[in-house]
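Engineer: Let me give you the structure first, and then I'll get to my questions.
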Amino acid sequence: MRLPVHATLAALWLTLPALAQVQLDARPAPGTPAPVDPPRTGVTLPQRFVAIGDFGTTSPESFEVAALVRSLRPRFVLTLGDNNYPSGAASTIDQNIGQHYHEFIRPYLGSYGAGASHNRFFPCLGNHDWGTTDAQPYLDYFELPGNERYYDFRRGAVHFFVLDSDPAEPDGITRDSLQAQWLESRLRASTAPFKMVTLHHPPYSSSSNHGSTGALQWPLKEWGASIVLAGHDHTYERLTVSGLPYIVNGLGGRNVYAFGDPLAGTELRFNAEHGALLVEADEHFARFRFLTSSDTVQDDFLLPSGGIDPGSVTFVAEDTLWKYLDSGVDPGPSWKARGFDDSGWASGPAQLGYGEGDEATLVSYGPSTSNRYVTTWFRRGFTVAEPQELDSLQLRLVLDDGAVVYLNGVEVLRAGMPAGVIGATTLAASSVSGEAENTFVAHSFGTETLLVLQPGQLSRGYNMLAVEVHQASRSSNDVSFAAELVGLPRGALLLARGSTWRYRDSGVAPAATWKDPGFDDSSWSAGRAQLGYGEGDQATTIASGSTTAWFRTTFTVADTAALRFLWCRLLRDDGALVYLNGKEAQRLNLPRTGVTPATFAPFNFGQEVEGRFEGTSLDPRLLVNGQNTLAVEIHQSNQANPDLSFDLELVGH
């Protein structure tokens, strides 16, 4: 059912923030039925829904997540696949799905209670749902739009596009498949403020179990998607790749997976407890919060209707034309320089390589299939108008097997290659096979390093990206290469890392007005961030032994109307509650309600979180013209915690 359109509730959220917070966070008594959609009234209410992934079991954790979902009283439920473990059988589907969520499903013909008056349960197929021939039990159990395998629907400001990402999908899962053509057409035609794509297999994931799925790395941002939600990996992770946010949420009830190294696009990740993603959206903003079964907030992210891409610039497109040398003969040390004469080299569009069957350009491996060339060299020039206006560069590579990447002749990345001097016969450290051969991996390097430490690397005007791709063995039967280089604009730096903050570290709670503009903090200590203790990398050491420490600073905004969203990069150990001009803007690793100065952060994070700036977005409607006040309280996970870290950067776009 499509709800009628009306004016946003943004004004209500601004003028009555306390009332809004009560409305959003109130939890009904156990057993309270989930709400039904209201009748048509000519007024659009903000959509409140949850997304769960990999939930279809009878594990204690799946019951805990289901209880959380019911307590949140969402209008409807999205699933991110694997609804029915272990094999999608008809004999298990009702106990794995209906037992938990029958009150959202219509028609519901199972045995666990009453169904919904209209369908409020929108699943997508996962690999375990395909374990039975043609996923027939799933198709029989639900009554869904379209062909029921992939479909779309709209609720208020959000248009949902539900995909089937399993290789068994009859209409395919590659970017040129019938399913992808359907999605591109529907995305481009949609006029909704938010266009949300949901699927099971994540295009990008840093889990050490499944990881990224190359076949699903479609140009979704270019087609019009606002955000992508996936499951499959039993973790929670939010990433930004080429200006598009991706969320992985597979913590619906199955065993938890470990993480590998974070991808360059990884903003925040969590795998310490199961939970659900709560989303609240009007036509201007959508708020995403990952809530654990114990009702703690582990992610808090605001997405503006125009997306979070502040106008990224693609310098090298993934299907661009490259100059390449495939003779196996070393071109000499100057081949990677801007001024090198590559007029004698061949050229062709990416993907380049051989042996996979998906190449746009075939390169040579030499005369012998048992003694192939180890190295192939690639060059691509691009122009940068004003390098100082860039915040960072993001490089995505399809790579088989290893590579060294140079920017204007200087090495900026080495992937899958040994240390030391690299020559034409240097073998890659390990081979890449299967799905990984066609998967883009994101890498980032900041232009502050490129411009300040090595100012010749990124130049105004013409620049050169040069990549040498190495095989892991001379008998390897394939090579794959493609790259995308995107520049992300710097934006307006409102508060820099390393800024000076007023802080209170006595353990004695300040007055309730401590977070408000105009509060007198002249008696508080002052110091430059990073603030903390126990890590050895802090610029200002504060007192240890307290549950909570409080921090305040101010910054100036000349014209709030010019800012569409606020990008916040936060270094915190362990829990954080952020206020902007006295209003709560974000909480991480703290209970959803009832936080006091004595509240411990529920989870103790290790060095990965303690030493990493996490990226998120705050509500720009909380800003005022002129001076603004930012206040942060940092909570320890226990009284004996040996360290604390805090710093924050705020950028307006």
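Chain labels A, B, ... are given in the sequence in which chains occur in the structure tokens; within each chain residues are numbered consecutively from 1, and ligands are likewise numbered from 1 in the order shown.
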What's the 8 Å shell around Phe288 (chain A), counting only C-alpha atoms, without same-chain residues fewer than 2 positions away, as a tab-separated table (two decimals) with N, CA and C atoms, in the first residue's frame?

Structural biologist:
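The result, written out as out06.tsv:
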chain	number	residue	atom	x	y	z
A	277	LEU	N	18.57	-3.54	12.19
A	277	LEU	CA	18.77	-2.17	11.71
A	277	LEU	C	17.43	-1.45	11.72
A	278	LEU	N	17.33	-0.39	12.51
A	278	LEU	CA	16.12	0.44	12.58
A	278	LEU	C	16.30	1.65	11.68
A	279	VAL	N	15.30	1.90	10.82
A	279	VAL	CA	15.37	3.03	9.89
A	279	VAL	C	14.11	3.88	10.06
A	280	GLU	N	14.29	5.19	10.12
A	280	GLU	CA	13.20	6.15	10.18
A	280	GLU	C	13.44	7.19	9.11
A	286	ALA	N	16.90	10.14	6.27
A	286	ALA	CA	16.66	8.79	6.79
A	286	ALA	C	17.73	8.50	7.84
A	290	PHE	N	21.84	0.76	14.06
A	290	PHE	CA	21.94	-0.67	14.33
A	290	PHE	C	21.81	-0.87	15.84
A	299	ASP	N	25.45	1.75	15.74
A	299	ASP	CA	25.67	2.65	14.62
A	299	ASP	C	24.53	3.64	14.60
A	300	ASP	N	24.83	4.87	14.19
A	300	ASP	CA	23.85	5.95	14.18
A	300	ASP	C	24.25	6.87	13.03
A	301	PHE	N	23.49	6.82	11.95
A	301	PHE	CA	23.91	7.43	10.70
A	301	PHE	C	22.72	8.12	10.05
A	302	LEU	N	22.91	9.35	9.58
A	302	LEU	CA	21.84	10.11	8.95
A	302	LEU	C	22.15	10.28	7.47
A	303	LEU	N	21.20	9.87	6.63
A	303	LEU	CA	21.36	9.95	5.18
A	303	LEU	C	20.43	11.03	4.63

Engineer: Considering only alpha helix (DSSP H) as DSSP defines it on the backbone, what residues of region 495-652 of chain A qualify? List them as a PDB file with N, CA and C atoms, in the first residue's frame.

Structural biologist:
ATOM      1  N   GLN A 607      42.054  -2.271  19.799  1.00  0.00           N
ATOM      2  CA  GLN A 607      42.873  -1.262  19.160  1.00  0.00           C
ATOM      3  C   GLN A 607      42.311  -0.827  17.809  1.00  0.00           C
ATOM      4  N   GLU A 608      41.618  -1.731  17.111  1.00  0.00           N
ATOM      5  CA  GLU A 608      41.113  -1.356  15.790  1.00  0.00           C
ATOM      6  C   GLU A 608      40.187  -0.154  15.874  1.00  0.00           C
ATOM      7  N   VAL A 609      39.256  -0.152  16.851  1.00  0.00           N
ATOM      8  CA  VAL A 609      38.337   0.972  17.005  1.00  0.00           C
ATOM      9  C   VAL A 609      39.024   2.134  17.713  1.00  0.00           C
ATOM     10  N   GLU A 610      39.833   1.828  18.730  1.00  0.00           N
ATOM     11  CA  GLU A 610      40.495   2.885  19.499  1.00  0.00           C
ATOM     12  C   GLU A 610      41.382   3.764  18.629  1.00  0.00           C
TER      13      GLU A 610
END

Engineer: Please provide the set of residues having any atom within 10 Å of Asn271 (chain A), restricted to only C-alpha atoms, with same-chain residues fewer than 5 positions apart removed, written as a ChimeraX atom specification.

Structural biologist: /A:207,234-237,249-251,256-259,292,298

Engineer: Taking only C-alpha atoms into account, name the residue in A:Met464, A:Leu397, A:Leu580, A:Leu488 that is nearest to Gly311 (chain A).

Structural biologist: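 Checking each of A:Met464, A:Leu397, A:Leu580, A:Leu488 against Gly311 (chain A), counting only C-alpha atoms, the winner is A:Leu488.
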